[in-house]
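One structure is given below, encoded as structure tokens.
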Amino acid sequence: MNLDTPRVEDFFQSWFETLSAESGTGSRIRLNEFEVYKLLKSVGLNHCPAFFLPENSGTETEKIWAENILEMAQGEGKFILKVVGRDILHKTDVGGVQIVDLAGLEPADVLNIVGRMKATLEEGGLSDVVEGFLAASFVPHKANTPGQEVLLSLKQDEAFGPCVVVGIGGTLTEWYGKGSGGSSTLIFPALGLEPEAVAAAIEAHPLISLFCCSSRLYRTAPVLLEDLVTWVMALAKLGIHSGPQGKSPFTVEEIEINPAVASKGRLVALDGVGLVSRRKWASQTRPVEKISPLLSPRSAVVLGVSAKAPNPGRIILGNLKRSEGIDQKRLYVVHHKEDSISGVPCYPSVADIPEKCDLAVISVPAQGALETITQLVELDKAQAMILIPGGFAEAGEVDLAQSIEDVLLKGHSAGNGGPVMVGGNCLGIVSRDNYNTFFLPDYKLPFNPGLGENLALVSQSGAYLVTFASNYDGVINPRASISFGNQMDLTVSDFLEFFAAVPEVDVIACYVEGFRSGDGQRFVELARQAADQGQKVIIFKAGKTPLGAKAAASHTASLAGDYAVAKACLESGGVTLTDTLSRFEDAIKTFTLLGRRSVGQKRVGIISNAGFECSTVTDNLGSLVPAVFDEKTQATLDGILPSFAHRSNPIDCTPMTGTDAFVASCEAILASPSVDVAILASVPVTPSLNNLPPDPAGSHQEDMTNPDSQPAKMIEIIRSSPKPAVVVVDSGRIYDPMCRMIEEAGIPVFRKIDRAACALDAFCRSEGAM
């Protein structure tokens, strides 16, 4: 359906200007119920027949209103009388809702009922917020009955923009939400939404499908599927047109219809609340191309270096002196007293820096940061900057942060685009084979060679990068580890845009605590583009607690909080969203080490020498399908494995199977045409397997460095196959060398088979999203 834009704009113009002047707000204004009805009508959606009586109407108007009501209500013999007031949030609680039986009523009787309701409201101290009274037709339906009442909501998310929420409506809305663990709703990001996707999601939902599918409760579905899809699409298009980036000068912050009820196969809105504003996202563009000199600088200057104490600036300077990418003859310090520090020449002011540097690292206290950044921008002394300290918006210094952002924005508006900046409140950047600005000494956090040239790791938390670097030292050394902090300038989406254009990067992993306004929507669009070109975007989004509704009367926030919206939007862009840090790191490791290996049909071959692993793994396969071995593969396995082994998938070869038979079975699984991916697991404590380092004391004869050892042969077999495979080594620390040996060869290793299965499933699903 096409949005009738003129009718929508006519609706807004008819009331917003006057109401804004009367209320004195001009920013965010709540819609009353009758206004919601009119807005729904402007986009072609049905509401129950209703007549509105404004407060303080004249006698003749009141009489005509009452006559219209009696005529409207003839069919059902009753109508619903409601108080109208945008600041009355719970009408029933204050005596503002009444079902009126038509029997024997005259117009004067209707007005008397209104008078009594008005008196009740006056006694409750609400006379000043009463705007009038609404008489609505009674639409027959079974209240609080599954499949009868729908919640429909348009929500403008601060980061992701317009989303439509569909859920079970009525007075039990929150009850269904709690009882279902938050799964009683569907959330549809409006941008790019297609009717076919809406229909498929509704039909697949175990609760919402009851509205549109025949069932044991309803031989004929209460609502036509195409009608519910029409409602969703209409609200989505309204959200885009009247959103923070829409063409309309108004933004519909939220519209909630609760309930819309099933009536003759169609939905009819009975009640609604709304919120409208003039809020728009500021259009800001940053020269993303300057991330290139940020990550590969040849010249650098550090500000905030102590001449004596080992402060963060001094540690950063020491790290830059050891950096391979910085030309040491083009490394400088700004210090008003010293001529040199640690052999690096000092200059008394920003103006005295002898060249425009690729990188400026600012480690001065927050209160001095504004002056320093202003000078660097106005004197054009840097292509890119890293602002290390905190103490800005996160510490309540909103004005200081805004002043810095204004300076940067002015620089971006200049002819050369000005410098880009990372931070503040960040740890900085480690750019592989280039430089390290983490203010941690290398003896505490070394960056040893490892795989990971294909990985960009972008984190709002610097401490998270530290833990990752320490845990994966020597195994994964990302192409870039970026702590972006407060996003006062460069945002997580800017880095996604940059790395999506780097052919060597196929994994972009992001730890995010929050998106700037509109940046979540941009992130989703960029992630979709990255997926289309074969890159995989992984995200851990911190903060799962809903923050409450912007419209106090709304149920939507409790059912579709900030995290639920973020999840729906990110997943719509093909992002792999992980719900724990462990799964985040499992996904990073798996995606990075497996690279662009092809998945095929997701048929998984599994081997273990422990029965519990074979039982457990089948509960964690997700989208993976256990392979049925072809006849040739099965015959090969039957010839390799002892008769007491379980030789069909998943294979339980038992602890008695020796190294040669175990690795030959792994090879047969990977060679099978009926297998697309593999989980190769073992509990290595059995003496049948050769997997320990040699013991100088001679307590055993094992030697995992021998080419015929279990890890050596597994590395050889997995490397020679194009198929994705993960390894499981479920035992204690004496097997750490075995794990290290396999992972350093570029093969993901897990210590529990369920984590291995979940990570491999995520890898396969991410390829399926491309």
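In the structure tokens, chains take the letters A, B, ... in the order shown, each chain's residues start at 1, and ligands count up from 1 in the order shown.
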
So which residues of segment 487-687 of chain A fall under strand (DSSP E or B) by DSSP, listed as a PyMOL selection string? chain A and resi 507-512+536-541+576-578+603-608+625-626+646+651-652+677-682

Could you please take those selected residues and save C-alpha atoms as a short mmCIF file (atom, residue, chain, number, x, y, z; two decimals), in the first residue's frame?
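Saved file out.cif follows:
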```cif
data_model
loop_
_atom_site.label_atom_id
_atom_site.label_comp_id
_atom_site.auth_asym_id
_atom_site.auth_seq_id
_atom_site.Cartn_x
_atom_site.Cartn_y
_atom_site.Cartn_z
CA VAL A 507 35.24 -10.41 10.13
CA ILE A 508 34.20 -7.20 11.91
CA ALA A 509 33.48 -7.74 15.62
CA CYS A 510 31.93 -4.96 17.71
CA TYR A 511 31.39 -4.61 21.45
CA VAL A 512 28.79 -1.84 21.79
CA LYS A 536 30.63 -11.23 8.71
CA VAL A 537 29.64 -8.73 11.37
CA ILE A 538 29.48 -9.92 14.98
CA ILE A 539 28.15 -7.77 17.80
CA PHE A 540 27.75 -7.98 21.54
CA LYS A 541 25.27 -5.32 22.64
CA THR A 576 25.45 -12.22 14.33
CA LEU A 577 24.20 -10.93 17.69
CA THR A 578 25.55 -12.85 20.69
CA ARG A 603 25.19 -31.12 7.29
CA VAL A 604 27.49 -31.78 10.23
CA GLY A 605 29.65 -34.81 10.85
CA ILE A 606 30.57 -35.46 14.50
CA ILE A 607 33.07 -37.73 16.23
CA SER A 608 33.98 -38.12 19.90
CA VAL A 625 21.64 -31.02 10.52
CA PRO A 626 23.34 -34.33 11.49
CA HIS A 646 29.12 -46.56 17.50
CA ILE A 651 30.36 -41.36 16.09
CA ASP A 652 31.22 -42.58 19.58
CA VAL A 677 31.02 -29.10 8.36
CA ALA A 678 32.54 -31.11 11.20
CA ILE A 679 32.93 -31.23 14.98
CA LEU A 680 35.97 -33.32 15.90
CA ALA A 681 35.97 -33.95 19.64
CA SER A 682 37.91 -36.05 22.10
#
```

Can you tell me, as a PyMOL selection string, what residues are no more than 10 Å from segment 43-51 of chain A when counting only C-alpha atoms, ignoring any on the same chain fewer than 3 positions away? chain A and resi 1-5+7-8+34+36-40+54+65-66+68-69+72-73+79-81+133-139+227+230-231+234-235+237-238+257+260-261+266-272

Preceding selection exported with N, CA and C atoms as a compact mmCIF listing (two decimals), in the first residue's frame:
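again-v8.txt, freshly written:
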```txt
# COMPACT_ATOMS: atom_id res chain seq x y z
N MET A 1 0.84 -1.19 0.00
CA MET A 1 0.00 0.00 0.00
C MET A 1 0.88 1.25 0.00
N ASN A 2 0.37 2.32 -0.62
CA ASN A 2 1.08 3.59 -0.64
C ASN A 2 0.54 4.50 0.44
N LEU A 3 1.44 5.18 1.12
CA LEU A 3 1.03 6.11 2.18
C LEU A 3 0.42 7.35 1.54
N ASP A 4 -0.77 7.73 2.01
CA ASP A 4 -1.42 8.94 1.51
C ASP A 4 -0.79 10.14 2.23
N THR A 5 0.34 10.61 1.69
CA THR A 5 1.12 11.65 2.37
C THR A 5 0.34 12.93 2.61
N ARG A 7 -2.81 13.42 3.15
CA ARG A 7 -3.77 13.26 4.24
C ARG A 7 -3.06 13.23 5.59
N VAL A 8 -1.90 12.60 5.63
CA VAL A 8 -1.13 12.58 6.88
C VAL A 8 -0.72 13.98 7.28
N PHE A 34 -9.06 10.39 20.30
CA PHE A 34 -9.74 10.75 19.07
C PHE A 34 -8.75 11.20 18.00
N VAL A 36 -5.75 9.99 17.72
CA VAL A 36 -5.18 8.74 17.21
C VAL A 36 -6.11 8.14 16.16
N TYR A 37 -7.42 8.16 16.43
CA TYR A 37 -8.38 7.66 15.44
C TYR A 37 -8.20 8.39 14.11
N LYS A 38 -8.11 9.71 14.17
CA LYS A 38 -8.00 10.49 12.93
C LYS A 38 -6.69 10.21 12.21
N LEU A 39 -5.61 10.00 12.97
CA LEU A 39 -4.34 9.69 12.34
C LEU A 39 -4.41 8.32 11.66
N LEU A 40 -5.03 7.34 12.32
CA LEU A 40 -5.20 6.02 11.70
C LEU A 40 -6.01 6.13 10.42
N PRO A 54 -16.32 17.96 22.27
CA PRO A 54 -15.30 18.77 22.95
C PRO A 54 -15.86 19.37 24.23
N TRP A 65 -24.76 15.77 19.06
CA TRP A 65 -23.82 14.69 19.43
C TRP A 65 -24.58 13.52 20.03
N ALA A 66 -25.48 13.81 20.96
CA ALA A 66 -26.23 12.74 21.62
C ALA A 66 -27.13 12.01 20.63
N ASN A 68 -26.60 11.63 17.41
CA ASN A 68 -25.73 10.81 16.57
C ASN A 68 -25.33 9.51 17.27
N ILE A 69 -25.10 9.62 18.55
CA ILE A 69 -24.71 8.43 19.33
C ILE A 69 -25.83 7.41 19.34
N MET A 72 -25.98 5.73 16.06
CA MET A 72 -24.83 4.85 15.86
C MET A 72 -24.99 3.54 16.62
N ALA A 73 -25.56 3.61 17.81
CA ALA A 73 -25.58 2.46 18.72
C ALA A 73 -26.78 1.54 18.51
N PHE A 79 -23.22 1.46 23.74
CA PHE A 79 -22.02 2.15 23.28
C PHE A 79 -21.10 2.35 24.47
N ILE A 80 -19.87 2.76 24.16
CA ILE A 80 -18.87 2.99 25.20
C ILE A 80 -18.62 4.49 25.32
N LEU A 81 -18.75 5.01 26.50
CA LEU A 81 -18.49 6.42 26.78
C LEU A 81 -17.14 6.54 27.48
N PHE A 133 -15.49 14.29 25.58
CA PHE A 133 -15.97 12.92 25.78
C PHE A 133 -16.17 12.26 24.43
N LEU A 134 -15.85 10.96 24.41
CA LEU A 134 -15.91 10.19 23.18
C LEU A 134 -16.92 9.07 23.35
N ALA A 135 -17.86 9.01 22.44
CA ALA A 135 -18.80 7.90 22.42
C ALA A 135 -18.41 7.00 21.25
N ALA A 136 -18.05 5.77 21.56
CA ALA A 136 -17.56 4.84 20.55
C ALA A 136 -18.50 3.67 20.40
N SER A 137 -18.63 3.21 19.18
CA SER A 137 -19.48 2.05 18.91
C SER A 137 -18.93 0.82 19.62
N PHE A 138 -19.83 -0.02 20.09
CA PHE A 138 -19.42 -1.27 20.74
C PHE A 138 -19.15 -2.30 19.64
N VAL A 139 -17.92 -2.78 19.56
CA VAL A 139 -17.54 -3.78 18.57
C VAL A 139 -17.52 -5.13 19.26
N ASP A 227 -4.80 -8.63 6.08
CA ASP A 227 -5.24 -7.43 6.79
C ASP A 227 -4.24 -7.04 7.87
N THR A 230 -1.31 -5.56 6.27
CA THR A 230 -1.62 -4.18 5.85
C THR A 230 -1.41 -3.21 6.99
N TRP A 231 -1.86 -3.57 8.19
CA TRP A 231 -1.67 -2.71 9.36
C TRP A 231 -0.18 -2.49 9.64
N ALA A 234 1.35 -0.27 6.93
CA ALA A 234 0.88 1.12 7.03
C ALA A 234 1.60 1.86 8.15
N LEU A 235 1.73 1.22 9.30
CA LEU A 235 2.44 1.85 10.41
C LEU A 235 3.91 2.03 10.09
N LYS A 237 5.27 2.52 7.12
CA LYS A 237 5.43 3.63 6.17
C LYS A 237 5.16 4.98 6.85
N LEU A 238 4.21 4.99 7.79
CA LEU A 238 4.01 6.21 8.58
C LEU A 238 5.25 6.53 9.39
N ILE A 257 -1.88 1.10 19.49
CA ILE A 257 -3.27 0.71 19.43
C ILE A 257 -3.41 -0.54 20.29
N ALA A 260 -6.59 -3.56 19.05
CA ALA A 260 -7.33 -3.65 17.80
C ALA A 260 -7.95 -5.04 17.83
N VAL A 261 -9.26 -5.13 17.56
CA VAL A 261 -9.95 -6.41 17.75
C VAL A 261 -10.37 -6.99 16.41
N ARG A 266 -11.40 -8.64 9.91
CA ARG A 266 -10.61 -7.41 9.84
C ARG A 266 -10.29 -6.90 11.24
N LEU A 267 -9.28 -6.06 11.32
CA LEU A 267 -8.94 -5.43 12.60
C LEU A 267 -9.61 -4.08 12.70
N VAL A 268 -10.10 -3.79 13.90
CA VAL A 268 -10.71 -2.50 14.20
C VAL A 268 -10.07 -1.96 15.48
N ALA A 269 -9.54 -0.75 15.40
CA ALA A 269 -8.89 -0.15 16.57
C ALA A 269 -9.95 0.34 17.55
N LEU A 270 -9.79 -0.06 18.83
CA LEU A 270 -10.70 0.40 19.87
C LEU A 270 -10.10 1.49 20.73
N ASP A 271 -8.80 1.45 20.94
CA ASP A 271 -8.18 2.40 21.86
C ASP A 271 -6.78 2.70 21.36
N GLY A 272 -6.29 3.89 21.65
CA GLY A 272 -4.95 4.22 21.21
C GLY A 272 -4.38 5.42 21.93
```

One number please: atom CA of Gly58 of chain A to atom CA of Leu275 of chain A, in Å, one decimal.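 Rounded to one decimal, the two atoms are 29.4 Å apart.
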
Quick one: DSSP helix (DSSP H, G or I) residues in segment 116-263 of chain A, as a ChimeraX atom specification? /A:116-123,127-129,173-179,195-204,209-212,225-241

Within 8 Å of segment 489-503 of chain A, which residues of segment 247-352 of chain A show up? Give each one with its shortest atom-to-atom distance in Å (one decimal) and the two atoms involved, counting only C-alpha atoms, rows by chain then rising residue number, as CSV.
```
residue,atom,partner,partner_atom,distance
A:Arg286,CA,A:Leu490,CA,7.3
A:Val288,CA,A:Asp494,CA,6.2
A:Glu289,CA,A:Phe498,CA,7.2
A:Ile291,CA,A:Phe498,CA,7.2
```

Shell around Ser363 of chain A at 8 Å using only C-alpha atoms, local window under 6 positions removed, as a short mmCIF file (atom, residue, chain, number, x, y, z; two decimals) with N, CA, C and O atoms, in the first residue's frame:
```cif
data_model
loop_
_atom_site.label_atom_id
_atom_site.label_comp_id
_atom_site.auth_asym_id
_atom_site.auth_seq_id
_atom_site.Cartn_x
_atom_site.Cartn_y
_atom_site.Cartn_z
N VAL A 302 52.34 13.39 20.57
CA VAL A 302 51.66 13.02 21.82
C VAL A 302 51.59 14.25 22.69
O VAL A 302 52.59 14.95 22.89
N LEU A 303 50.42 14.52 23.26
CA LEU A 303 50.19 15.65 24.14
C LEU A 303 49.77 15.13 25.51
O LEU A 303 48.87 14.30 25.60
N GLY A 304 50.43 15.61 26.56
CA GLY A 304 50.13 15.14 27.91
C GLY A 304 51.14 14.16 28.43
O GLY A 304 50.82 13.28 29.24
N VAL A 305 52.40 14.29 27.99
CA VAL A 305 53.48 13.39 28.42
C VAL A 305 54.19 14.00 29.63
O VAL A 305 54.61 15.16 29.60
N PRO A 312 49.97 8.03 31.76
CA PRO A 312 49.51 7.40 30.51
C PRO A 312 50.20 7.96 29.27
O PRO A 312 50.57 7.19 28.37
N GLY A 313 50.37 9.28 29.21
CA GLY A 313 51.02 9.87 28.04
C GLY A 313 52.44 9.36 27.85
O GLY A 313 52.90 9.11 26.72
N LEU A 387 41.54 10.82 21.63
CA LEU A 387 41.36 11.50 22.91
C LEU A 387 41.23 10.44 23.99
O LEU A 387 40.22 9.74 24.08
N ILE A 388 42.27 10.31 24.82
CA ILE A 388 42.34 9.23 25.80
C ILE A 388 41.47 9.46 27.03
O ILE A 388 40.69 8.58 27.41
N PRO A 389 41.55 10.59 27.72
CA PRO A 389 40.89 10.69 29.03
C PRO A 389 39.37 10.70 28.97
O PRO A 389 38.77 11.02 27.93
#
```

With distances taken over only C-alpha atoms, which of A:Gly343, A:Pro707, A:Gly595, A:Gly95 is nearest to Pro748 of chain A?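 Smallest separation from Pro748 of chain A among the options: A:Gly595.
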
Could you list, as a PyMOL selection string, every residue within 6 Å of Gln148 of chain A, counting only C-alpha atoms and ignoring same-chain residues fewer than 2 positions away? chain A and resi 145-146+261-262

Enumerate, in order of chain and increasing residue number, the residues of segment 356-461 of chain A with an atom no farther than 10 Å from segment 465-468 of chain A, each with its shortest atom pair and distance in Å to one decimal, counting only C-alpha atoms, as a tab-separated table.
```
residue	atom	partner	partner_atom	distance
A:Leu427	CA	A:Leu465	CA	8.8
A:Gly428	CA	A:Leu465	CA	10.0
A:Ile429	CA	A:Leu465	CA	9.5
A:Val430	CA	A:Leu465	CA	9.5
A:Phe438	CA	A:Val466	CA	8.8
A:Leu440	CA	A:Val466	CA	9.2
A:Leu445	CA	A:Val466	CA	7.6
A:Leu457	CA	A:Leu465	CA	8.0
A:Val458	CA	A:Leu465	CA	8.4
A:Ser459	CA	A:Leu465	CA	6.8
A:Gln460	CA	A:Leu465	CA	9.1
A:Ser461	CA	A:Leu465	CA	6.9
```

Separation of atom CA of Ala282 of chain A from atom CA of Pro249 of chain A in Å: 13.3 Å

Point-to-point distance from atom CA of Phe523 of chain A to atom CA of Ala568 of chain A, Å rounded to tenths: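 Separation between atom CA of Phe523 of chain A and atom CA of Ala568 of chain A: 13.0 Å.
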
Counting only C-alpha atoms, which of A:Asn311, A:Ser672, A:Ser413, A:Ser184 gets nearest to Glu378 of chain A? A:Ser413
